[in-house]
Amino acid sequence: MNKKFVIFITSYNYAEYIGQAIESVINQTDPNWNLYNRVTC
């Protein structure tokens with residue numbers, strides 16, 4: 001059974017950094033993850 005990591009990214013007025021944060025998650029060596037993103041302005 002493969003366990004998944006759950007990653008939450010929250011941002012308030014930092015939308016310019018969301019791309020970098022998502023790229024960082026995508027580049028992880030362990031492919032078993034779920035990403036949740038919440039942006040509030």
# chains A, B, ... in the order shown; residues from 1 in each chain; ligands from 1
>>> residues_around(residues="Ala15 (chain A)", least_positions_apart="6", cutoff="12 Å", atoms="only C-alpha atoms", output="NGL selection string")
:A and (9 or 21-22 or 37-41)
>>> write_last_selection(atoms="C-alpha atoms", output="short mmCIF file (atom, residue, chain, number, x, y, z; two decimals), in the first residue's frame")
data_model
loop_
_atom_site.label_atom_id
_atom_site.label_comp_id
_atom_site.auth_asym_id
_atom_site.auth_seq_id
_atom_site.Cartn_x
_atom_site.Cartn_y
_atom_site.Cartn_z
CA ILE A 9 -0.41 25.58 -0.08
CA ALA A 21 5.57 26.56 -4.84
CA ILE A 22 3.73 24.22 -7.22
CA ASN A 37 -3.98 25.00 -3.21
CA ARG A 38 -6.02 27.81 -1.72
CA VAL A 39 -5.52 31.38 -2.81
CA THR A 40 -7.40 34.19 -1.10
CA CYS A 41 -7.00 37.75 -2.18
#
>>> residues_around(residues="Phe5 (chain A)", least_positions_apart="4", cutoff="9 Å", atoms="only C-alpha atoms", output="list in words")
Asp30, Asn32, Trp33, Asn34 and Leu35 of chain A
>>> write_last_selection(atoms="all heavy atoms", output="PDB file, in the first residue's frame")
ATOM      1  N   ASP A  30       9.543  11.850  -4.395  1.00  0.00           N
ATOM      2  CA  ASP A  30       8.493  10.879  -4.081  1.00  0.00           C
ATOM      3  C   ASP A  30       7.227  11.279  -4.853  1.00  0.00           C
ATOM      4  O   ASP A  30       6.686  12.355  -4.642  1.00  0.00           O
ATOM      5  CB  ASP A  30       8.201  10.878  -2.583  1.00  0.00           C
ATOM      6  CG  ASP A  30       7.287   9.743  -2.173  1.00  0.00           C
ATOM      7  OD1 ASP A  30       6.494   9.262  -3.016  1.00  0.00           O
ATOM      8  OD2 ASP A  30       7.360   9.331  -1.004  1.00  0.00           O
ATOM      9  N   ASN A  32       4.240  10.114  -4.681  1.00  0.00           N
ATOM     10  CA  ASN A  32       2.978   9.823  -3.987  1.00  0.00           C
ATOM     11  C   ASN A  32       2.521  11.008  -3.148  1.00  0.00           C
ATOM     12  O   ASN A  32       2.713  11.045  -1.936  1.00  0.00           O
ATOM     13  CB  ASN A  32       3.123   8.569  -3.115  1.00  0.00           C
ATOM     14  CG  ASN A  32       3.408   7.348  -3.932  1.00  0.00           C
ATOM     15  OD1 ASN A  32       2.778   7.133  -4.959  1.00  0.00           O
ATOM     16  ND2 ASN A  32       4.372   6.555  -3.516  1.00  0.00           N
ATOM     17  N   TRP A  33       1.906  11.981  -3.799  1.00  0.00           N
ATOM     18  CA  TRP A  33       1.443  13.158  -3.086  1.00  0.00           C
ATOM     19  C   TRP A  33       0.166  13.696  -3.704  1.00  0.00           C
ATOM     20  O   TRP A  33      -0.146  13.437  -4.856  1.00  0.00           O
ATOM     21  CB  TRP A  33       2.502  14.261  -3.038  1.00  0.00           C
ATOM     22  CG  TRP A  33       3.124  14.592  -4.363  1.00  0.00           C
ATOM     23  CD1 TRP A  33       4.282  14.087  -4.861  1.00  0.00           C
ATOM     24  CD2 TRP A  33       2.628  15.486  -5.371  1.00  0.00           C
ATOM     25  NE1 TRP A  33       4.536  14.600  -6.105  1.00  0.00           N
ATOM     26  CE2 TRP A  33       3.529  15.474  -6.441  1.00  0.00           C
ATOM     27  CE3 TRP A  33       1.516  16.299  -5.472  1.00  0.00           C
ATOM     28  CZ2 TRP A  33       3.346  16.235  -7.590  1.00  0.00           C
ATOM     29  CZ3 TRP A  33       1.337  17.056  -6.619  1.00  0.00           C
ATOM     30  CH2 TRP A  33       2.251  17.024  -7.653  1.00  0.00           C
ATOM     31  N   ASN A  34      -0.571  14.424  -2.908  1.00  0.00           N
ATOM     32  CA  ASN A  34      -1.738  15.183  -3.358  1.00  0.00           C
ATOM     33  C   ASN A  34      -1.483  16.629  -2.969  1.00  0.00           C
ATOM     34  O   ASN A  34      -1.059  16.910  -1.845  1.00  0.00           O
ATOM     35  CB  ASN A  34      -3.020  14.713  -2.678  1.00  0.00           C
ATOM     36  CG  ASN A  34      -3.498  13.389  -3.206  1.00  0.00           C
ATOM     37  OD1 ASN A  34      -3.266  13.051  -4.355  1.00  0.00           O
ATOM     38  ND2 ASN A  34      -4.162  12.624  -2.363  1.00  0.00           N
ATOM     39  N   LEU A  35      -1.775  17.532  -3.872  1.00  0.00           N
ATOM     40  CA  LEU A  35      -1.559  18.955  -3.624  1.00  0.00           C
ATOM     41  C   LEU A  35      -2.893  19.673  -3.600  1.00  0.00           C
ATOM     42  O   LEU A  35      -3.719  19.501  -4.502  1.00  0.00           O
ATOM     43  CB  LEU A  35      -0.672  19.561  -4.719  1.00  0.00           C
ATOM     44  CG  LEU A  35      -0.493  21.076  -4.683  1.00  0.00           C
ATOM     45  CD1 LEU A  35       0.236  21.500  -3.409  1.00  0.00           C
ATOM     46  CD2 LEU A  35       0.255  21.545  -5.913  1.00  0.00           C
TER      47      LEU A  35
END
>>> select_by_dssp(residues="chain A", states="helix (DSSP H, G or I)", output="VMD selection string")
chain A and resid 15 to 26
>>> write_last_selection(atoms="C-alpha atoms", output="CSV table (one decimal), in the first residue's frame")
chain,number,residue,atom,x,y,z
A,15,ALA,CA,-0.2,34.8,-6.0
A,16,GLU,CA,3.2,35.7,-7.7
A,17,TYR,CA,4.8,32.8,-5.7
A,18,ILE,CA,2.2,30.1,-6.3
A,19,GLY,CA,3.9,28.9,-9.5
A,20,GLN,CA,7.2,28.4,-7.7
A,21,ALA,CA,5.6,26.6,-4.8
A,22,ILE,CA,3.7,24.2,-7.2
A,23,GLU,CA,6.9,23.6,-9.2
A,24,SER,CA,8.7,22.7,-6.0
A,25,VAL,CA,6.1,20.1,-5.2
A,26,ILE,CA,6.1,18.7,-8.7
>>> decode(residues="region 1-16 of chain A", atoms="all heavy atoms", output="mmCIF file, in the first residue's frame")
data_model
loop_
_atom_site.group_PDB
_atom_site.id
_atom_site.type_symbol
_atom_site.label_atom_id
_atom_site.label_comp_id
_atom_site.auth_asym_id
_atom_site.auth_seq_id
_atom_site.Cartn_x
_atom_site.Cartn_y
_atom_site.Cartn_z
ATOM 1 N N MET A 1 0.834 -1.175 0.000
ATOM 2 C CA MET A 1 0.000 0.000 0.000
ATOM 3 C C MET A 1 0.882 1.243 0.000
ATOM 4 O O MET A 1 1.740 1.400 0.853
ATOM 5 C CB MET A 1 -0.906 -0.002 1.221
ATOM 6 C CG MET A 1 -1.657 1.297 1.370
ATOM 7 S SD MET A 1 -2.248 1.536 3.035
ATOM 8 C CE MET A 1 -3.952 1.307 2.816
ATOM 9 N N ASN A 2 0.687 2.099 -0.976
ATOM 10 C CA ASN A 2 1.442 3.346 -1.044
ATOM 11 C C ASN A 2 0.697 4.444 -0.311
ATOM 12 O O ASN A 2 -0.442 4.752 -0.647
ATOM 13 C CB ASN A 2 1.655 3.774 -2.500
ATOM 14 C CG ASN A 2 2.632 2.875 -3.201
ATOM 15 O OD1 ASN A 2 3.462 2.245 -2.570
ATOM 16 N ND2 ASN A 2 2.542 2.819 -4.502
ATOM 17 N N LYS A 3 1.342 5.018 0.667
ATOM 18 C CA LYS A 3 0.749 6.151 1.371
ATOM 19 C C LYS A 3 1.071 7.418 0.606
ATOM 20 O O LYS A 3 2.130 7.538 0.000
ATOM 21 C CB LYS A 3 1.287 6.237 2.787
ATOM 22 C CG LYS A 3 0.854 5.075 3.639
ATOM 23 C CD LYS A 3 1.277 5.263 5.062
ATOM 24 C CE LYS A 3 0.790 4.100 5.896
ATOM 25 N NZ LYS A 3 1.103 4.269 7.295
ATOM 26 N N LYS A 4 0.145 8.352 0.621
ATOM 27 C CA LYS A 4 0.351 9.620 -0.072
ATOM 28 C C LYS A 4 0.595 10.730 0.936
ATOM 29 O O LYS A 4 0.022 10.756 2.010
ATOM 30 C CB LYS A 4 -0.861 9.967 -0.927
ATOM 31 C CG LYS A 4 -0.997 9.074 -2.119
ATOM 32 C CD LYS A 4 -1.915 9.696 -3.133
ATOM 33 C CE LYS A 4 -1.892 8.821 -4.358
ATOM 34 N NZ LYS A 4 -2.030 9.545 -5.561
ATOM 35 N N PHE A 5 1.460 11.637 0.531
ATOM 36 C CA PHE A 5 1.661 12.855 1.293
ATOM 37 C C PHE A 5 0.592 13.847 0.869
ATOM 38 O O PHE A 5 0.236 13.918 -0.299
ATOM 39 C CB PHE A 5 3.035 13.478 0.993
ATOM 40 C CG PHE A 5 4.179 12.655 1.482
ATOM 41 C CD1 PHE A 5 4.832 11.775 0.641
ATOM 42 C CD2 PHE A 5 4.609 12.777 2.787
ATOM 43 C CE1 PHE A 5 5.884 11.014 1.083
ATOM 44 C CE2 PHE A 5 5.668 12.021 3.252
ATOM 45 C CZ PHE A 5 6.311 11.134 2.395
ATOM 46 N N VAL A 6 0.097 14.591 1.808
ATOM 47 C CA VAL A 6 -0.864 15.641 1.497
ATOM 48 C C VAL A 6 -0.165 16.963 1.728
ATOM 49 O O VAL A 6 0.414 17.201 2.793
ATOM 50 C CB VAL A 6 -2.123 15.537 2.371
ATOM 51 C CG1 VAL A 6 -3.070 16.685 2.086
ATOM 52 C CG2 VAL A 6 -2.816 14.210 2.141
ATOM 53 N N ILE A 7 -0.174 17.803 0.701
ATOM 54 C CA ILE A 7 0.512 19.094 0.761
ATOM 55 C C ILE A 7 -0.522 20.191 0.560
ATOM 56 O O ILE A 7 -1.263 20.182 -0.422
ATOM 57 C CB ILE A 7 1.605 19.182 -0.317
ATOM 58 C CG1 ILE A 7 2.592 18.027 -0.152
ATOM 59 C CG2 ILE A 7 2.292 20.535 -0.275
ATOM 60 C CD1 ILE A 7 3.449 17.779 -1.349
ATOM 61 N N PHE A 8 -0.573 21.114 1.496
ATOM 62 C CA PHE A 8 -1.475 22.252 1.406
ATOM 63 C C PHE A 8 -0.650 23.514 1.164
ATOM 64 O O PHE A 8 0.315 23.762 1.887
ATOM 65 C CB PHE A 8 -2.273 22.436 2.704
ATOM 66 C CG PHE A 8 -3.258 21.348 2.964
ATOM 67 C CD1 PHE A 8 -2.918 20.262 3.747
ATOM 68 C CD2 PHE A 8 -4.531 21.412 2.421
ATOM 69 C CE1 PHE A 8 -3.821 19.247 3.998
ATOM 70 C CE2 PHE A 8 -5.453 20.403 2.666
ATOM 71 C CZ PHE A 8 -5.089 19.312 3.452
ATOM 72 N N ILE A 9 -1.032 24.273 0.161
ATOM 73 C CA ILE A 9 -0.412 25.577 -0.084
ATOM 74 C C ILE A 9 -1.502 26.614 0.096
ATOM 75 O O ILE A 9 -2.532 26.565 -0.566
ATOM 76 C CB ILE A 9 0.184 25.682 -1.495
ATOM 77 C CG1 ILE A 9 1.283 24.654 -1.709
ATOM 78 C CG2 ILE A 9 0.705 27.100 -1.745
ATOM 79 C CD1 ILE A 9 1.833 24.626 -3.125
ATOM 80 N N THR A 10 -1.278 27.523 1.016
ATOM 81 C CA THR A 10 -2.218 28.622 1.192
ATOM 82 C C THR A 10 -1.498 29.929 0.915
ATOM 83 O O THR A 10 -0.287 30.049 1.123
ATOM 84 C CB THR A 10 -2.800 28.649 2.612
ATOM 85 O OG1 THR A 10 -1.733 28.798 3.537
ATOM 86 C CG2 THR A 10 -3.553 27.361 2.912
ATOM 87 N N SER A 11 -2.233 30.884 0.414
ATOM 88 C CA SER A 11 -1.610 32.150 0.075
ATOM 89 C C SER A 11 -2.616 33.283 0.234
ATOM 90 O O SER A 11 -3.770 33.153 -0.156
ATOM 91 C CB SER A 11 -1.116 32.124 -1.370
ATOM 92 O OG SER A 11 -0.599 33.386 -1.729
ATOM 93 N N TYR A 12 -2.172 34.359 0.787
ATOM 94 C CA TYR A 12 -2.969 35.575 0.884
ATOM 95 C C TYR A 12 -2.122 36.707 0.321
ATOM 96 O O TYR A 12 -1.101 37.083 0.902
ATOM 97 C CB TYR A 12 -3.360 35.866 2.330
ATOM 98 C CG TYR A 12 -4.183 37.116 2.467
ATOM 99 C CD1 TYR A 12 -5.529 37.111 2.127
ATOM 100 C CD2 TYR A 12 -3.620 38.298 2.911
ATOM 101 C CE1 TYR A 12 -6.289 38.252 2.234
ATOM 102 C CE2 TYR A 12 -4.365 39.447 3.021
ATOM 103 C CZ TYR A 12 -5.706 39.428 2.688
ATOM 104 O OH TYR A 12 -6.464 40.558 2.783
ATOM 105 N N ASN A 13 -2.495 37.185 -0.840
ATOM 106 C CA ASN A 13 -1.789 38.264 -1.534
ATOM 107 C C ASN A 13 -0.365 37.885 -1.960
ATOM 108 O O ASN A 13 0.500 38.740 -2.040
ATOM 109 C CB ASN A 13 -1.752 39.541 -0.696
ATOM 110 C CG ASN A 13 -3.111 40.188 -0.602
ATOM 111 O OD1 ASN A 13 -3.957 39.990 -1.463
ATOM 112 N ND2 ASN A 13 -3.329 40.958 0.448
ATOM 113 N N TYR A 14 -0.111 36.613 -2.192
ATOM 114 C CA TYR A 14 1.198 36.181 -2.680
ATOM 115 C C TYR A 14 1.057 35.309 -3.917
ATOM 116 O O TYR A 14 1.796 34.345 -4.103
ATOM 117 C CB TYR A 14 1.977 35.429 -1.591
ATOM 118 C CG TYR A 14 2.496 36.336 -0.515
ATOM 119 C CD1 TYR A 14 1.847 36.457 0.698
ATOM 120 C CD2 TYR A 14 3.636 37.103 -0.729
ATOM 121 C CE1 TYR A 14 2.311 37.312 1.684
ATOM 122 C CE2 TYR A 14 4.110 37.953 0.245
ATOM 123 C CZ TYR A 14 3.443 38.057 1.453
ATOM 124 O OH TYR A 14 3.906 38.897 2.410
ATOM 125 N N ALA A 15 0.117 35.626 -4.766
ATOM 126 C CA ALA A 15 -0.155 34.840 -5.969
ATOM 127 C C ALA A 15 1.077 34.728 -6.867
ATOM 128 O O ALA A 15 1.233 33.743 -7.581
ATOM 129 C CB ALA A 15 -1.323 35.440 -6.738
ATOM 130 N N GLU A 16 1.965 35.697 -6.805
ATOM 131 C CA GLU A 16 3.161 35.664 -7.661
ATOM 132 C C GLU A 16 4.100 34.504 -7.318
ATOM 133 O O GLU A 16 4.941 34.125 -8.125
ATOM 134 C CB GLU A 16 3.917 36.984 -7.567
ATOM 135 C CG GLU A 16 4.454 37.253 -6.165
ATOM 136 C CD GLU A 16 4.732 38.717 -5.913
ATOM 137 O OE1 GLU A 16 3.778 39.499 -5.932
ATOM 138 O OE2 GLU A 16 5.913 39.035 -5.707
#
